[in-house]
>>> print(open('final37.cif').read())   # mmCIF, C-alpha atoms and all ligand atoms
data_start
#
loop_
_atom_site.label_atom_id
_atom_site.label_comp_id
_atom_site.auth_asym_id
_atom_site.auth_seq_id
_atom_site.Cartn_x
_atom_site.Cartn_y
_atom_site.Cartn_z
CA MET A 22 41.42 37.96 -36.06
CA SER A 23 41.19 36.57 -39.57
CA GLU A 24 42.37 33.04 -40.35
CA THR A 25 45.19 34.32 -42.55
CA SER A 26 46.66 36.55 -39.87
CA PHE A 27 47.85 33.35 -38.12
CA LEU A 28 49.78 32.25 -41.18
CA GLN A 29 53.37 32.13 -40.06
CA LEU A 30 54.87 33.82 -43.11
CA ALA A 31 51.98 36.17 -43.94
CA GLY A 32 53.34 39.29 -45.65
CA LYS A 33 56.81 37.82 -46.18
CA HIS A 34 58.32 37.81 -49.63
CA VAL A 35 60.92 35.21 -50.57
CA LEU A 36 63.18 35.30 -53.60
CA LEU A 37 63.90 31.71 -54.50
CA GLY A 38 66.70 30.97 -56.95
CA LEU A 39 67.41 27.58 -58.49
CA SER A 40 70.77 26.63 -59.93
CA GLY A 41 71.35 23.34 -61.73
CA GLY A 42 70.94 20.05 -59.86
CA ILE A 43 68.72 16.99 -59.42
CA ALA A 44 67.48 18.53 -56.15
CA CYS A 45 65.43 21.05 -58.16
CA TYR A 46 62.47 18.69 -57.66
CA LYS A 47 62.57 19.34 -53.89
CA THR A 48 62.25 23.07 -54.50
CA ALA A 49 58.79 22.55 -56.00
CA GLU A 50 57.59 21.18 -52.66
CA LEU A 51 59.32 24.02 -50.81
CA ILE A 52 57.38 26.60 -52.83
CA ARG A 53 54.15 24.85 -51.85
CA LEU A 54 55.09 24.97 -48.14
CA LEU A 55 56.09 28.64 -48.33
CA THR A 56 52.94 29.77 -50.12
CA LYS A 57 50.73 27.68 -47.82
CA ALA A 58 52.30 29.51 -44.85
CA GLY A 59 51.33 32.84 -46.43
CA ALA A 60 54.61 33.91 -48.11
CA SER A 61 54.78 35.22 -51.64
CA VAL A 62 57.54 33.57 -53.65
CA GLN A 63 59.33 34.92 -56.71
CA VAL A 64 61.21 32.16 -58.50
CA MET A 65 64.34 32.72 -60.56
CA MET A 66 66.29 30.01 -62.29
CA THR A 67 69.56 29.63 -64.12
CA GLU A 68 69.85 28.06 -67.55
CA ALA A 69 71.23 24.90 -65.91
CA ALA A 70 68.21 24.66 -63.57
CA GLU A 71 65.91 24.67 -66.61
CA GLN A 72 67.44 21.30 -67.56
CA PHE A 73 66.07 19.76 -64.33
CA ILE A 74 62.61 21.28 -63.84
CA THR A 75 60.36 23.41 -65.99
CA ALA A 76 59.45 27.02 -65.34
CA VAL A 77 55.82 26.01 -65.94
CA THR A 78 55.76 23.88 -62.77
CA LEU A 79 57.37 26.59 -60.66
CA GLN A 80 55.11 29.31 -62.07
CA ALA A 81 52.02 27.24 -61.31
CA LEU A 82 53.14 26.61 -57.73
CA SER A 83 54.28 30.17 -56.98
CA GLY A 84 51.55 31.92 -58.96
CA ARG A 85 54.12 34.23 -60.58
CA PRO A 86 56.04 34.10 -63.85
CA VAL A 87 59.52 32.65 -63.36
CA LEU A 88 62.45 34.92 -64.27
CA SER A 89 65.60 33.57 -65.84
CA SER A 90 67.17 36.32 -67.91
CA GLN A 91 68.57 39.72 -67.01
CA TRP A 92 67.42 40.86 -70.45
CA ASP A 93 63.75 40.10 -69.67
CA ALA A 94 61.88 43.04 -71.23
CA ARG A 95 58.80 42.51 -69.02
CA GLU A 96 60.37 44.61 -66.24
CA PRO A 97 59.41 48.22 -67.11
CA ASN A 98 62.85 49.64 -66.24
CA ASN A 99 64.64 46.46 -67.36
CA MET A 100 66.32 46.14 -63.97
CA ALA A 101 64.87 42.92 -62.56
CA HIS A 102 67.97 42.35 -60.40
CA ILE A 103 67.37 45.63 -58.54
CA ASN A 104 63.56 45.57 -58.34
CA LEU A 105 63.30 41.98 -57.17
CA SER A 106 65.57 42.20 -54.17
CA ARG A 107 64.27 45.56 -52.89
CA GLU A 108 60.94 44.05 -51.89
CA ALA A 109 62.24 40.68 -50.61
CA ASP A 110 62.64 39.66 -46.95
CA LEU A 111 64.98 36.80 -47.82
CA MET A 112 66.81 35.35 -50.80
CA LEU A 113 67.34 31.59 -50.89
CA ILE A 114 69.37 29.70 -53.48
CA ALA A 115 68.13 26.09 -53.51
CA PRO A 116 69.65 24.05 -54.93
CA ALA A 117 73.02 25.80 -54.90
CA SER A 118 75.45 23.89 -57.12
CA ALA A 119 79.20 23.88 -56.50
CA ASP A 120 79.62 26.13 -59.53
CA PHE A 121 77.03 28.61 -58.33
CA ILE A 122 78.57 28.74 -54.85
CA ALA A 123 81.91 29.52 -56.51
CA LYS A 124 80.25 32.38 -58.40
CA LEU A 125 78.69 33.79 -55.25
CA ALA A 126 82.01 33.56 -53.40
CA GLN A 127 83.69 35.59 -56.13
CA GLY A 128 80.88 38.11 -56.48
CA ARG A 129 80.43 37.34 -60.15
CA ALA A 130 77.24 38.55 -61.82
CA ASP A 131 76.96 37.33 -65.40
CA GLU A 132 73.32 36.11 -65.27
CA LEU A 133 70.16 37.12 -63.44
CA LEU A 134 70.46 34.97 -60.30
CA SER A 135 74.03 35.86 -59.34
CA LEU A 136 73.40 39.45 -60.42
CA THR A 137 70.42 39.68 -58.05
CA ALA A 138 72.35 38.05 -55.18
CA LEU A 139 75.06 40.69 -55.60
CA ALA A 140 72.66 43.61 -56.03
CA ARG A 141 70.47 42.72 -53.03
CA PRO A 142 70.53 45.11 -50.05
CA MET A 143 72.37 43.00 -47.46
CA GLY A 144 70.74 44.82 -44.53
CA THR A 145 67.15 43.97 -45.46
CA CYS A 146 67.46 40.88 -47.63
CA PRO A 147 69.66 38.17 -46.07
CA LEU A 148 70.98 35.39 -48.30
CA ALA A 149 70.62 31.68 -47.53
CA VAL A 150 72.17 28.93 -49.61
CA ALA A 151 71.19 25.24 -49.69
CA PRO A 152 74.11 23.32 -51.23
CA ALA A 153 73.36 20.24 -53.36
CA MET A 154 76.15 18.24 -54.94
CA ASN A 155 78.11 15.00 -55.01
CA ARG A 156 80.00 14.26 -51.78
CA GLU A 157 83.44 14.60 -53.43
CA MET A 158 82.47 17.99 -54.86
CA TRP A 159 81.26 19.10 -51.42
CA ALA A 160 84.40 17.85 -49.65
CA HIS A 161 86.75 19.44 -52.23
CA PRO A 162 88.94 22.14 -50.67
CA ALA A 163 87.83 24.60 -53.38
CA THR A 164 84.15 24.20 -52.40
CA GLN A 165 84.96 24.35 -48.68
CA ARG A 166 87.02 27.52 -49.31
CA ASN A 167 84.08 29.08 -51.18
CA VAL A 168 81.58 28.11 -48.49
CA ALA A 169 83.84 29.59 -45.79
CA GLN A 170 83.95 32.79 -47.84
CA LEU A 171 80.15 32.89 -48.10
CA ILE A 172 79.83 32.44 -44.32
CA ALA A 173 82.35 35.24 -43.78
CA ASP A 174 80.24 37.42 -46.08
CA GLY A 175 77.18 36.82 -43.86
CA THR A 176 75.47 34.09 -45.87
CA GLN A 177 73.56 31.40 -44.01
CA ILE A 178 74.41 27.87 -45.24
CA LEU A 179 71.46 25.48 -44.84
CA GLY A 180 72.74 21.91 -44.74
CA PRO A 181 73.79 20.02 -46.71
CA GLY A 182 72.33 16.75 -45.44
CA ALA A 183 74.01 13.36 -45.60
CA GLY A 184 72.76 10.16 -47.18
CA GLU A 185 72.22 8.40 -50.46
CA GLN A 186 72.94 10.63 -53.47
CA ALA A 187 71.43 10.68 -56.95
CA CYS A 188 74.77 9.40 -58.31
CA GLY A 189 74.49 6.30 -56.08
CA GLU A 190 77.24 7.36 -53.68
CA VAL A 191 76.59 7.95 -49.99
CA GLY A 192 77.85 10.96 -48.03
CA ASP A 193 77.49 14.69 -47.37
CA GLY A 194 76.11 16.92 -50.09
CA ARG A 195 72.37 16.14 -50.40
CA MET A 196 70.16 19.18 -50.40
CA LEU A 197 68.02 19.36 -47.24
CA GLU A 198 64.44 18.18 -47.62
CA ALA A 199 61.79 20.80 -48.38
CA ALA A 200 60.33 20.60 -44.84
CA GLU A 201 63.78 21.15 -43.31
CA LEU A 202 64.47 24.16 -45.51
CA PHE A 203 61.02 25.50 -44.64
CA GLU A 204 61.76 25.26 -40.90
CA ASP A 205 65.08 27.06 -41.36
CA ILE A 206 63.46 29.82 -43.40
CA CYS A 207 60.75 30.30 -40.75
CA ALA A 208 63.50 30.57 -38.14
CA MET A 209 65.39 33.15 -40.23
CA LEU A 210 62.30 35.29 -40.69
CA ALA A 211 60.89 35.03 -37.15
CA PRO A 212 61.29 37.91 -34.66
CA LYS A 213 64.12 37.08 -32.24
CA HIS A 214 62.26 37.58 -28.94
CA LEU A 215 64.45 35.03 -27.15
CA ALA A 216 67.86 35.74 -28.67
CA GLY A 217 70.66 34.50 -26.42
CA LYS A 218 68.29 32.71 -23.99
CA LYS A 219 68.48 29.04 -23.00
CA LEU A 220 65.25 27.06 -22.62
CA LEU A 221 64.67 23.61 -21.20
CA ILE A 222 61.39 21.89 -22.11
CA THR A 223 59.83 18.56 -21.11
CA ALA A 224 57.32 16.97 -23.47
CA GLY A 225 55.22 13.86 -24.06
CA PRO A 226 54.05 11.16 -21.69
CA THR A 227 56.19 8.96 -19.48
CA PHE A 228 56.07 5.16 -19.58
CA GLU A 229 56.30 3.42 -16.22
CA PRO A 230 57.13 -0.26 -16.73
CA ILE A 231 55.24 -3.01 -14.92
CA ASP A 232 57.15 -5.84 -16.55
CA PRO A 233 59.20 -6.18 -19.81
CA VAL A 234 56.07 -5.99 -22.01
CA ARG A 235 53.61 -3.75 -20.11
CA GLY A 236 53.54 -0.35 -18.55
CA ILE A 237 51.48 2.64 -17.44
CA THR A 238 51.34 5.67 -19.73
CA ASN A 239 48.86 8.31 -20.95
CA HIS A 240 47.53 9.91 -24.13
CA SER A 241 49.93 12.88 -24.31
CA SER A 242 51.32 13.12 -27.85
CA GLY A 243 54.07 15.66 -27.08
CA LYS A 244 52.82 17.95 -29.89
CA MET A 245 52.46 21.05 -27.71
CA GLY A 246 55.91 20.70 -26.16
CA PHE A 247 57.52 20.07 -29.55
CA ALA A 248 55.70 23.08 -31.03
CA ILE A 249 57.00 25.26 -28.17
CA ALA A 250 60.54 23.94 -28.71
CA ARG A 251 60.31 24.84 -32.39
CA ALA A 252 58.83 28.29 -31.73
CA ALA A 253 61.49 29.05 -29.10
CA ARG A 254 64.27 28.04 -31.50
CA GLU A 255 62.72 30.26 -34.16
CA ALA A 256 62.69 33.09 -31.63
CA GLY A 257 66.47 32.69 -31.26
CA ALA A 258 66.71 30.55 -28.10
CA GLU A 259 69.05 27.62 -27.50
CA VAL A 260 66.58 24.83 -26.77
CA THR A 261 66.95 21.47 -25.01
CA LEU A 262 63.94 19.16 -25.23
CA VAL A 263 63.62 16.24 -22.84
CA ALA A 264 61.07 13.95 -24.47
CA GLY A 265 59.16 10.92 -23.23
CA PRO A 266 58.20 8.20 -25.76
CA VAL A 267 56.59 10.08 -28.68
CA HIS A 268 56.46 9.66 -32.45
CA LEU A 269 57.55 13.16 -33.46
CA ALA A 270 60.47 14.51 -35.46
CA THR A 271 62.93 16.68 -33.57
CA PRO A 272 62.47 20.36 -34.49
CA ARG A 273 65.47 21.69 -36.46
CA GLY A 274 68.23 23.15 -34.33
CA VAL A 275 66.83 21.70 -31.07
CA ARG A 276 68.87 19.40 -28.80
CA ARG A 277 66.76 16.39 -27.83
CA ILE A 278 67.21 13.94 -24.95
CA ASP A 279 64.93 10.88 -25.05
CA VAL A 280 63.74 9.27 -21.84
CA GLN A 281 61.13 6.66 -20.96
CA ASN A 282 60.00 7.10 -17.38
CA ALA A 283 59.51 9.91 -14.86
CA GLN A 284 62.66 9.13 -12.88
CA GLN A 285 64.77 9.30 -16.07
CA MET A 286 63.10 12.60 -16.99
CA PHE A 287 63.87 13.94 -13.52
CA ASP A 288 67.50 12.76 -13.78
CA ALA A 289 67.90 14.43 -17.19
CA VAL A 290 66.24 17.72 -16.21
CA LEU A 291 67.62 18.53 -12.77
CA PRO A 292 71.34 18.89 -13.70
CA LEU A 293 70.43 20.98 -16.79
CA ALA A 294 67.89 23.30 -15.14
CA PRO A 295 70.40 25.69 -13.49
CA GLN A 296 72.01 26.36 -16.90
CA ASN A 297 68.72 27.56 -18.40
CA GLU A 298 66.85 30.85 -18.05
CA VAL A 299 63.47 29.20 -18.67
CA PHE A 300 61.99 25.79 -17.82
CA ILE A 301 58.71 24.80 -19.49
CA ALA A 302 57.13 21.58 -18.19
CA THR A 303 54.64 20.38 -20.80
CA ALA A 304 55.22 16.66 -20.11
CA ALA A 305 52.33 14.60 -18.78
CA VAL A 306 54.45 12.92 -16.13
CA ALA A 307 52.95 9.82 -14.53
CA ASP A 308 52.25 10.61 -10.88
CA TRP A 309 52.88 7.04 -9.77
CA ARG A 310 54.93 4.06 -10.92
CA PRO A 311 54.86 0.37 -10.00
CA ALA A 312 56.97 0.06 -6.86
CA SER A 313 58.86 -2.86 -8.38
CA HIS A 314 59.49 -3.79 -12.00
CA ALA A 315 59.09 -7.53 -12.70
CA GLN A 316 62.12 -8.87 -14.58
CA GLN A 317 59.96 -11.37 -16.54
CA LYS A 318 56.47 -11.05 -18.02
CA ILE A 319 53.85 -11.49 -15.28
CA LYS A 320 51.86 -14.61 -16.21
CA LYS A 321 48.28 -15.58 -15.34
CA ASP A 322 48.42 -18.18 -12.58
CA GLY A 323 45.15 -19.86 -13.59
CA SER A 324 43.31 -18.87 -10.40
CA GLY A 325 41.47 -16.00 -12.08
CA ALA A 326 42.98 -13.52 -9.54
CA ALA A 327 44.47 -10.31 -10.95
CA PRO A 328 47.96 -9.42 -9.68
CA MET A 329 48.16 -6.67 -7.05
CA ILE A 330 50.55 -4.00 -8.26
CA ALA A 331 51.93 -1.79 -5.49
CA MET A 332 52.53 1.80 -6.62
CA CYS A 333 54.83 4.54 -5.37
CA GLU A 334 54.96 8.27 -6.17
CA ASN A 335 57.24 9.73 -8.83
CA PRO A 336 59.35 12.83 -8.11
CA ASP A 337 57.68 16.11 -9.08
CA ILE A 338 60.05 17.52 -11.71
CA LEU A 339 58.48 20.96 -12.00
CA ALA A 340 58.23 21.54 -8.25
CA SER A 341 61.85 20.38 -7.83
CA VAL A 342 63.11 22.82 -10.49
CA ALA A 343 60.99 25.63 -9.03
CA ALA A 344 62.63 24.95 -5.64
CA LEU A 345 66.16 25.57 -7.00
CA ASN A 346 67.93 28.69 -5.74
CA PRO A 347 67.71 30.64 -7.98
CA PRO A 348 65.14 28.84 -10.15
CA PRO A 349 64.84 29.41 -13.89
CA PHE A 350 61.62 31.14 -14.95
CA CYS A 351 59.26 28.16 -14.54
CA VAL A 352 56.17 27.53 -16.67
CA GLY A 353 53.90 24.67 -15.68
CA PHE A 354 51.12 23.06 -17.68
CA ALA A 355 47.92 21.68 -16.25
CA ALA A 356 45.86 19.21 -18.21
CA GLU A 357 42.51 19.12 -16.44
CA SER A 358 39.24 17.43 -17.24
CA GLU A 359 37.01 20.02 -15.46
CA LYS A 360 37.09 23.30 -13.44
CA LEU A 361 40.12 24.49 -15.43
CA LEU A 362 40.59 27.92 -13.84
CA GLU A 363 40.11 26.70 -10.28
CA HIS A 364 42.57 23.81 -10.69
CA ALA A 365 45.08 25.92 -12.62
CA ARG A 366 45.15 28.60 -9.92
CA ALA A 367 45.60 26.02 -7.17
CA LYS A 368 48.28 24.16 -9.13
CA ARG A 369 50.29 27.34 -9.78
CA LEU A 370 50.46 28.04 -6.05
CA ARG A 371 51.15 24.42 -5.16
CA LYS A 372 54.02 24.14 -7.64
CA ASN A 373 55.23 27.66 -6.77
CA VAL A 374 55.67 28.78 -10.40
CA PRO A 375 55.11 32.29 -11.84
CA LEU A 376 53.11 31.04 -14.83
CA LEU A 377 50.79 28.08 -15.25
CA VAL A 378 49.19 27.20 -18.58
CA GLY A 379 45.91 25.35 -18.32
CA ASN A 380 44.11 23.29 -20.94
CA ILE A 381 41.43 20.66 -21.06
CA GLY A 382 43.45 17.43 -21.38
CA PRO A 383 41.00 15.00 -23.00
CA ALA A 384 40.12 17.64 -25.61
CA THR A 385 43.72 18.30 -26.61
CA PHE A 386 45.74 15.07 -26.29
CA GLY A 387 46.86 14.04 -29.76
CA GLN A 388 45.01 16.93 -31.45
CA ASP A 389 46.60 19.62 -33.59
CA HIS A 390 44.47 22.38 -32.04
CA ASN A 391 44.01 23.64 -28.51
CA ALA A 392 43.23 26.72 -26.41
CA LEU A 393 45.41 27.90 -23.52
CA LEU A 394 44.58 29.66 -20.26
CA LEU A 395 47.54 31.60 -18.84
CA VAL A 396 47.34 31.99 -15.07
CA ASP A 397 49.77 34.17 -13.12
CA ALA A 398 49.80 36.11 -9.85
CA ARG A 399 47.81 38.98 -11.38
CA GLY A 400 45.03 36.96 -12.99
CA GLU A 401 44.42 35.02 -16.16
CA ARG A 402 44.21 35.47 -19.91
CA GLU A 403 43.16 33.13 -22.68
CA ILE A 404 45.02 32.39 -25.89
CA PRO A 405 42.03 31.39 -28.02
CA HIS A 406 41.55 28.16 -29.92
CA ASN A 407 44.16 27.74 -32.66
CA ASP A 408 46.63 25.26 -34.09
CA LYS A 409 49.38 24.26 -31.65
CA ALA A 410 52.13 25.92 -33.72
CA SER A 411 50.36 29.32 -33.48
CA LEU A 412 49.63 28.85 -29.79
CA ALA A 413 53.28 27.96 -29.20
CA ARG A 414 54.48 31.13 -30.94
CA GLN A 415 52.08 33.28 -28.91
CA LEU A 416 53.14 31.60 -25.67
CA VAL A 417 56.83 32.05 -26.50
CA GLN A 418 56.23 35.74 -27.17
CA ASP A 419 54.36 36.06 -23.85
CA ILE A 420 57.21 34.36 -21.95
CA ALA A 421 59.78 36.62 -23.66
CA GLN A 422 57.82 39.69 -22.51
CA ARG A 423 57.74 38.36 -18.94
CA LEU A 424 61.52 37.79 -19.01
CA HIS A 425 62.01 41.29 -20.30
CA GLN A 426 59.81 42.74 -17.54
CA THR A 427 61.85 40.85 -14.91
CA ASP A 428 65.11 42.11 -16.43
CA PRO A 429 64.59 45.00 -18.88
CA LYS A 430 68.25 44.73 -19.97
CA ALA A 431 67.63 41.17 -21.20
N1 LIG B 501 54.82 17.64 -13.43
C1 LIG B 501 56.14 17.29 -13.22
N2 LIG B 501 56.44 16.16 -12.54
C2 LIG B 501 55.48 15.36 -12.06
C3 LIG B 501 54.11 15.69 -12.27
C4 LIG B 501 53.83 16.85 -12.94
O1 LIG B 501 57.03 18.02 -13.68
N3 LIG B 501 55.80 14.26 -11.41
C5 LIG B 501 54.51 18.90 -14.12
C6 LIG B 501 53.84 18.73 -15.47
O2 LIG B 501 54.80 18.66 -16.50
C7 LIG B 501 53.01 19.98 -15.56
C8 LIG B 501 52.63 20.26 -14.12
O3 LIG B 501 53.60 19.59 -13.33
O4 LIG B 501 53.74 21.09 -15.99
C9 LIG B 501 51.25 19.81 -13.73
O5 LIG B 501 51.07 18.47 -14.09
P1 LIG B 501 49.69 17.73 -13.77
O6 LIG B 501 49.85 16.28 -14.11
O7 LIG B 501 48.56 18.47 -14.38
O8 LIG B 501 49.60 17.97 -12.24
P2 LIG B 501 49.87 17.06 -11.01
O9 LIG B 501 51.00 17.61 -10.23
O10 LIG B 501 50.03 15.64 -11.44
O11 LIG B 501 48.52 17.28 -10.20
P3 LIG B 501 47.10 16.51 -10.28
O12 LIG B 501 47.42 15.06 -10.55
O13 LIG B 501 46.54 16.75 -8.95
O14 LIG B 501 46.30 17.15 -11.36
#
>>> encode(input="final37.cif", output="structure tokens")
Amino acid sequence: MSETSFLQLAGKHVLLGLSGGIACYKTAELIRLLTKAGASVQVMMTEAAEQFITAVTLQALSGRPVLSSQWDAREPNNMAHINLSREADLMLIAPASADFIAKLAQGRADELLSLTALARPMGTCPLAVAPAMNREMWAHPATQRNVAQLIADGTQILGPGAGEQACGEVGDGRMLEAAELFEDICAMLAPKHLAGKKLLITAGPTFEPIDPVRGITNHSSGKMGFAIARAAREAGAEVTLVAGPVHLATPRGVRRIDVQNAQQMFDAVLPLAPQNEVFIATAAVADWRPASHAQQKIKKDGSGAAPMIAMCENPDILASVAALNPPPFCVGFAAESEKLLEHARAKRLRKNVPLLVGNIGPATFGQDHNALLLVDARGEREIPHNDKASLARQLVQDIAQRLHQTDPKA
């Protein structure tokens, strides 16, 4: 397979409209993210937007001339508003000012952007809107009325975020950051293999305290589990992520529960497991913990003798979930340092799970790339070396097929 075929948005065409607002600068970064992921982007801007960012910048980033007038004679049939939306997979207005939202709500069409939004085929080109305005403008009943109307008309509202605003005030109304908009667009355009399904995922290492300043942990970064959570959300699932101590941002639209040690992870997972159709255990759970946790830092006693730390076994979260009656569809991970297939097969049987995903631990911990070996009752198949986001999407698709085979009505 060619490198580009893994690009998440390869072949997708996005119509990106800017109305007036300081947040126009964020849209430049968004175009870069979209094109890097393989999408083609056609930019349109209103007269007001041209006050905030130049068409030159947006043309350079998108690689296409920017359109701003319905009278643009470059379109052979002079119907840019029709032509543009017929080939698009999605139309996004970012930033969407209060005034532009009001126009959309009323179905007005007196310039190219609103004209195109109205003329777009709603069945093939969904509309998303990223509001950007002062907090009082956002909270105003007129704006809220207009937004409610847009939602009723089938428009997806992305954000707004809260925080410090360009005017110096603090509150709701900031446009989402480019990376957040990008994640939402990916989710809108992704095939919905897991629509209506609930997934529970563990990720990251656990940290087993010895005393208030030390503990036992491992090199798991949590990247694979977080990538699976994101891919599952994109595929339409409702995702809960139980995460050990990691330095990763929560994927958009995913519910996250932070824990430190294996017992806390067990306590968070077990009550939730019966409410989920799928449980994916990517966490590198510590097998043992210090039997007792010193309340104060253990000090050297001057004798040169190292302290003896008694250990006890942690509960096996995956095996406990797999033993539920009925269990969710359980997927285990095995990070091995050698004999991957042999260990993965044995581990699948030992944990009594239908699917076990093997990988070479030391080669993958903390990395952005990996390769996966899927082992089930019938045999094994490899998902070849790729970035973790692509592997996660392929794994999610594989799990969705397995769910469908178990229950074809699902
Ligand atoms: N796992 C778990 N709870 C534990 C230990 C492991 O849920 N206490 C899960 C992991 O999340 C993973 C799978 O079990 O999905 C296998 O984990 P791994 O550490 O590779 O296996 P172990 O059971 O620890 O076996 P071994 O140490 O013999 O390799």
>>> closest_residue(input="final37.cif", among="A:Ala123, A:Leu291, A:Leu134, A:Ala211", to="A:Leu345", atoms="only C-alpha atoms")
A:Leu291
>>> residues_around(input="final37.cif", residues="stretch 240-244 of chain A", least_positions_apart="4", cutoff="9 Å", atoms="all atoms listed in the file", output="PyMOL selection string")
chain A and resi 223-227+248-249+264-269+303-305+382-383+385-389+409-410
>>> residues_near_ligand(input="final37.cif", ligand="ligand LIG 501 (chain B)", cutoff="6 Å", atoms="all atoms listed in the file", output="list in words")
Ala302, Thr303, Ala304, Ala305, Val306, Asp308, Asn335, Pro336, Asp337, Ile338, Leu339, Gly353, Phe354, Ala355 and Ala356 of chain A
>>> closest_residue(input="final37.cif", among="A:Phe287, A:Ile319, A:Arg195, A:Asp174", to="A:Asp232", atoms="only C-alpha atoms")
A:Ile319
>>> atom_distance(input="final37.cif", atom1="atom CA of A:Arg53", atom2="atom CA of A:Gly192")
27.7 Å
>>> residues_around(input="final37.cif", residues="A:Val87", least_positions_apart="3", cutoff="10 Å", atoms="only C-alpha atoms", output="NGL selection string")
:A and (37-38 or 62-66 or 75-81 or 83-84 or 90)
>>> write_last_selection(input="final37.cif", atoms="C-alpha atoms", output="short mmCIF file (atom, residue, chain, number, x, y, z; two decimals), in the coordinates of the input")
data_model
loop_
_atom_site.label_atom_id
_atom_site.label_comp_id
_atom_site.auth_asym_id
_atom_site.auth_seq_id
_atom_site.Cartn_x
_atom_site.Cartn_y
_atom_site.Cartn_z
CA LEU A 37 63.90 31.71 -54.50
CA GLY A 38 66.70 30.97 -56.95
CA VAL A 62 57.54 33.57 -53.65
CA GLN A 63 59.33 34.92 -56.71
CA VAL A 64 61.21 32.16 -58.50
CA MET A 65 64.34 32.72 -60.56
CA MET A 66 66.29 30.01 -62.29
CA THR A 75 60.36 23.41 -65.99
CA ALA A 76 59.45 27.02 -65.34
CA VAL A 77 55.82 26.01 -65.94
CA THR A 78 55.76 23.88 -62.77
CA LEU A 79 57.37 26.59 -60.66
CA GLN A 80 55.11 29.31 -62.07
CA ALA A 81 52.02 27.24 -61.31
CA SER A 83 54.28 30.17 -56.98
CA GLY A 84 51.55 31.92 -58.96
CA SER A 90 67.17 36.32 -67.91
#
>>> closest_residue(input="final37.cif", among="A:His161, A:Lys47, A:Lys124, A:Arg156", to="A:Leu202", atoms="all atoms listed in the file")
A:Lys47
>>> closest_residue(input="final37.cif", among="A:Ala109, A:Leu139, A:Leu125, A:Ala199", to="A:Asn167", atoms="only C-alpha atoms")
A:Leu125
>>> closest_residue(input="final37.cif", among="A:Leu113, A:Ala250, A:Leu293, A:Val263", to="A:Val280", atoms="all atoms listed in the file")
A:Val263
>>> residues_near_point(input="final37.cif", point="(76.3, 27.5, -58.0)", cutoff="12 Å", atoms="all atoms listed in the file", output="PyMOL selection string")
chain A and resi 38-42+66-70+114-130+132+134-135+138+150-154+158-159+164+167-168+171
>>> atom_distance(input="final37.cif", atom1="atom CA of A:Ala44", atom2="atom CA of A:Ala173")
25.6 Å
>>> decode(input="final37.cif", residues="stretch 156-164 of chain A", atoms="N, CA, C and O atoms", output="PDB file, in the first residue's frame")
ATOM      1  N   ARG A 156     -18.052  36.807  24.585  1.00  0.00           N
ATOM      2  CA  ARG A 156     -18.927  35.961  25.415  1.00  0.00           C
ATOM      3  C   ARG A 156     -20.346  36.512  25.539  1.00  0.00           C
ATOM      4  O   ARG A 156     -21.310  35.754  25.622  1.00  0.00           O
ATOM      5  N   GLU A 157     -20.487  37.868  25.554  1.00  0.00           N
ATOM      6  CA  GLU A 157     -21.838  38.440  25.664  1.00  0.00           C
ATOM      7  C   GLU A 157     -22.617  38.196  24.383  1.00  0.00           C
ATOM      8  O   GLU A 157     -23.816  37.921  24.405  1.00  0.00           O
ATOM      9  N   MET A 158     -21.909  38.285  23.242  1.00  0.00           N
ATOM     10  CA  MET A 158     -22.577  38.022  21.956  1.00  0.00           C
ATOM     11  C   MET A 158     -23.029  36.561  21.891  1.00  0.00           C
ATOM     12  O   MET A 158     -24.108  36.249  21.404  1.00  0.00           O
ATOM     13  N   TRP A 159     -22.166  35.654  22.386  1.00  0.00           N
ATOM     14  CA  TRP A 159     -22.509  34.227  22.364  1.00  0.00           C
ATOM     15  C   TRP A 159     -23.713  33.947  23.280  1.00  0.00           C
ATOM     16  O   TRP A 159     -24.620  33.193  22.932  1.00  0.00           O
ATOM     17  N   ALA A 160     -23.699  34.577  24.473  1.00  0.00           N
ATOM     18  CA  ALA A 160     -24.756  34.295  25.451  1.00  0.00           C
ATOM     19  C   ALA A 160     -26.074  34.979  25.084  1.00  0.00           C
ATOM     20  O   ALA A 160     -27.127  34.634  25.625  1.00  0.00           O
ATOM     21  N   HIS A 161     -26.046  35.945  24.167  1.00  0.00           N
ATOM     22  CA  HIS A 161     -27.263  36.704  23.846  1.00  0.00           C
ATOM     23  C   HIS A 161     -28.367  35.770  23.353  1.00  0.00           C
ATOM     24  O   HIS A 161     -28.104  34.868  22.547  1.00  0.00           O
ATOM     25  N   PRO A 162     -29.601  35.992  23.824  1.00  0.00           N
ATOM     26  CA  PRO A 162     -30.695  35.096  23.407  1.00  0.00           C
ATOM     27  C   PRO A 162     -30.843  35.018  21.884  1.00  0.00           C
ATOM     28  O   PRO A 162     -31.212  33.964  21.353  1.00  0.00           O
ATOM     29  N   ALA A 163     -30.529  36.111  21.186  1.00  0.00           N
ATOM     30  CA  ALA A 163     -30.681  36.080  19.717  1.00  0.00           C
ATOM     31  C   ALA A 163     -29.710  35.061  19.120  1.00  0.00           C
ATOM     32  O   ALA A 163     -30.080  34.255  18.254  1.00  0.00           O
ATOM     33  N   THR A 164     -28.453  35.079  19.594  1.00  0.00           N
ATOM     34  CA  THR A 164     -27.463  34.116  19.080  1.00  0.00           C
ATOM     35  C   THR A 164     -27.871  32.699  19.455  1.00  0.00           C
ATOM     36  O   THR A 164     -27.815  31.778  18.624  1.00  0.00           O
TER      37      THR A 164
END
